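Colleague: Pasting a structure below so you can have a look.
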Amino acid sequence: MIKLLVYLAIALAIILIVQLMRIYQLSSEVKGKHIGKADDDDNRSQGLLMLLFVLALFAGLIWLLFDVRGKMLPPAASDVGTISDNVYMFNWIIIFIVFFATSFLLFYFPFRYKKQKESKAYFYPHNDKLELIWTVVPSIALAVIIIYGLSLWGKMTGTPDPKSMVIQVYAKQFDWTVRYSGADNKLGRTDYRLIDDASNNTVGMDSKDTAGWDDFMVRGEFHIPVNVPILFKCNAREVMHGVYFPHFRDQINCVPGITTELHFTATITTDSMRKITHDTAFDYVLLCNRVCGSGHYNMPMKVVVDSPDEFKAWMAKQHPFFADLYNAYHKQAVPTAMK
Ligand SMILES: [Cu+2]
C-alpha cells in the first residue's frame, strides 16, 4: 500500500513539473521572450546550477561514505587480507583524488566560462607539454597500481609455506565437508567412486591409503588455529562452487575434477574479533560465491579461529574417519604444522 502511494506521489510530481514548465513557457511567450534562445541571464543561472549540482553531489557522496562506515567488513583477519585491504585503500585514494578533481572542473568550467554577450572564444589548438603530462602521469599511476597489486597476487597465489597445515575443502550441492590431514599433514587418497553420503564418506576417502587413516572430516563448522599457515585444497563434486572467506579477504573457485589451492594465515582469533567488533555473536564464515543451484544461499559454514590451545583441545575431540584402522596403527599426535 505504501509502495503504491510512493509511486502515485512520484507520478503526480512528474505531472506537476511538466505543467509548471508549460505555464512558464506560456508566460514567457506572452512577455515576448524567445523560448529556446538562451540569453546572458539563462547562461548565468545554468552555470550557477552546474556549480550547485557538483557541490550537492560531493556533499551526498561524503554523507554516504560516513553512513556506510559501520556497515563495512571488520578489519582483515589474515596476512594476505591486510595487504589486500591496503591495495584496496590505495586504489580508493587515487580514485577519490581524480574523481573530485575532474568532476569539480567538469562542472566549474561551464560556470566560470559561461557565454556572455561580450565574451570571445580563445583559440588554443595544441600544447605538447600538456599532452605529455596527461599521458605520463596516469601511466606512472597505473604502473604503480599494477605492480602493487601484482605483489599481492604473487603472495596469494605463490608457493605456500612448506610448513602449512593442509586442509581439504570439499563443496557439493549444497554444503561443505572440511577434511583435516591429521598428524602426518597428508591428505589420504580419494576416489569419486567411493563417495557414499549414506556412510558419511562425502569426499570418497580410500581406506587403502594409510596417509588417510588419521584424516577426519567435519561439517557445519570448522576450526583453524591462529598464526599457523593453512593450505586449503579445494574440490567440488558436481558443479563449480567458490570458496570465499570475506573476513580473510580470500577466495578461489572449486572446480569438479581438479584441485585448486588457497593459502593464508589467520591473524585474529574469533574471540579477539568479537572484542574488536563489539559483537559477542560475531563469527567468521565460509561462503560459496558461485551460484551453484537452488540451495546456493544455504551454504554458509561457520569458521572458528582458535588460539593454539583451543585448537589442540578441539582436535582432540575429533575422530578419524577410519577410526578402527587409525586406532590400530596410530596414536593421535599434534599436527606437524603446529610444532
Ligand atoms: Cu556452492
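The chains in the C-alpha cells are called A, B, ... from first to last as shown; in each chain the residues are counted from 1, and the ligands are counted from 1 in the order shown.
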Could you list, as a VMD selection string, every residue within 10 Å of Gly47 in chain A, counting only C-alpha atoms and ignoring same-chain residues fewer than 6 positions away?
Modeller: chain A and resid 41 53 107 to 115
Colleague: Using only C-alpha atoms and all ligand atoms, determine which residues fall within 7 Å of ligand 1, then list them as a list in words.
Modeller: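 Those residues are Ala171, Lys172, Gln173, Phe174, Met240, His241, Gly242, Cys288, Asn289, Arg290, Val291, Cys292, His296 and Met299 of chain A.
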Colleague: Next, dump the selected residues to file, keeping only C-alpha atoms, as a CSV table (one decimal), in the first residue's frame.
Modeller:
chain,number,residue,atom,x,y,z
A,171,ALA,CA,32.0,-28.5,-1.9
A,172,LYS,CA,28.8,-30.2,-3.1
A,173,GLN,CA,25.2,-29.1,-3.6
A,174,PHE,CA,24.6,-27.7,-1.0
A,240,MET,CA,31.5,-25.2,-9.8
A,241,HIS,CA,31.4,-23.7,-6.3
A,242,GLY,CA,33.5,-21.0,-4.8
A,288,CYS,CA,30.0,-20.2,-1.6
A,289,ASN,CA,30.3,-17.5,-4.2
A,290,ARG,CA,29.3,-19.3,-7.4
A,291,VAL,CA,25.6,-19.5,-8.0
A,292,CYS,CA,25.7,-23.3,-7.8
A,296,HIS,CA,23.3,-22.0,-3.0
A,299,MET,CA,25.9,-22.9,2.1
Colleague: Determine the nearest neighbour of Val178 in chain A from the options A:Ile252, A:Ile14, A:Ile140, A:Val303, counting only C-alpha atoms.
Modeller: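 Result for the nearest residue to Val178 in chain A: A:Val303.
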Colleague: Which of these residues is nearest to Val98 in chain A, using only C-alpha atoms: A:Asn200, A:Ile17, A:Ala183, A:Pro138?
Modeller: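 Of the candidates, the smallest distance to Val98 in chain A is held by A:Pro138.
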Colleague: Using only C-alpha atoms, which residue out of A:Pro162, A:Pro125, A:Pro225, A:Gly81 lies closest to Trp314 in chain A?
Modeller: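 Going through A:Pro162, A:Pro125, A:Pro225, A:Gly81 one by one, the smallest distance to Trp314 in chain A is for A:Pro225.
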Colleague: Looking at A:Ala121, A:Met273, A:Ile224, A:Ala143, which one is nearest to Ala313 in chain A, with distances taken over only C-alpha atoms?
Modeller: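 Looking at the shortest contact to Ala313 in chain A, the residue is A:Ile224.
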Colleague: What parts of range 85-279 of chain A does DSSP call helix (DSSP H, G or I)? I'd like the answer as number ranges by chain.
Modeller: A: 85-112, 128-157, 192-194, 197-199, 210-212, 246-248, 270-277
Colleague: So, with only C-alpha atoms as the atoms that count, which of A:Glu131, A:Thr157, A:Leu150, A:Ala77 lies closest to Asp271 in chain A?
Modeller: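 Nearest candidate to Asp271 in chain A out of A:Glu131, A:Thr157, A:Leu150, A:Ala77: A:Ala77.
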Colleague: Using only C-alpha atoms, which of A:Met21, A:Met301, A:Ile268, A:Ala198 sits nearest Pro74 in chain A?
Modeller: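 For Pro74 in chain A, the nearest of the given residues is A:Ile268.
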Colleague: Can you build me a table of range 118-199 of chain A residues sitting at most 10 Å from range 243-247 of chain A, with the closest atom pair per residue and its distance in Å to one decimal, using only C-alpha atoms, sorted by chain and residue number, as JSON lines?
Modeller:
{"residue": "A:Val169", "atom": "CA", "partner": "A:Val243", "partner_atom": "CA", "distance": 7.9}
{"residue": "A:Tyr170", "atom": "CA", "partner": "A:Val243", "partner_atom": "CA", "distance": 9.2}
{"residue": "A:Ala171", "atom": "CA", "partner": "A:Val243", "partner_atom": "CA", "distance": 8.3}
{"residue": "A:Trp176", "atom": "CA", "partner": "A:Val243", "partner_atom": "CA", "distance": 9.5}
Colleague: Would you give me, as a PyMOL selection string, the residues in range 91-289 of chain A that DSSP reads as strand (DSSP E or B)?
Modeller: chain A and resi 165-172+175-180+190+196+201+205+216-218+221-225+229-236+241-245+250-254+256+260-266+284-288
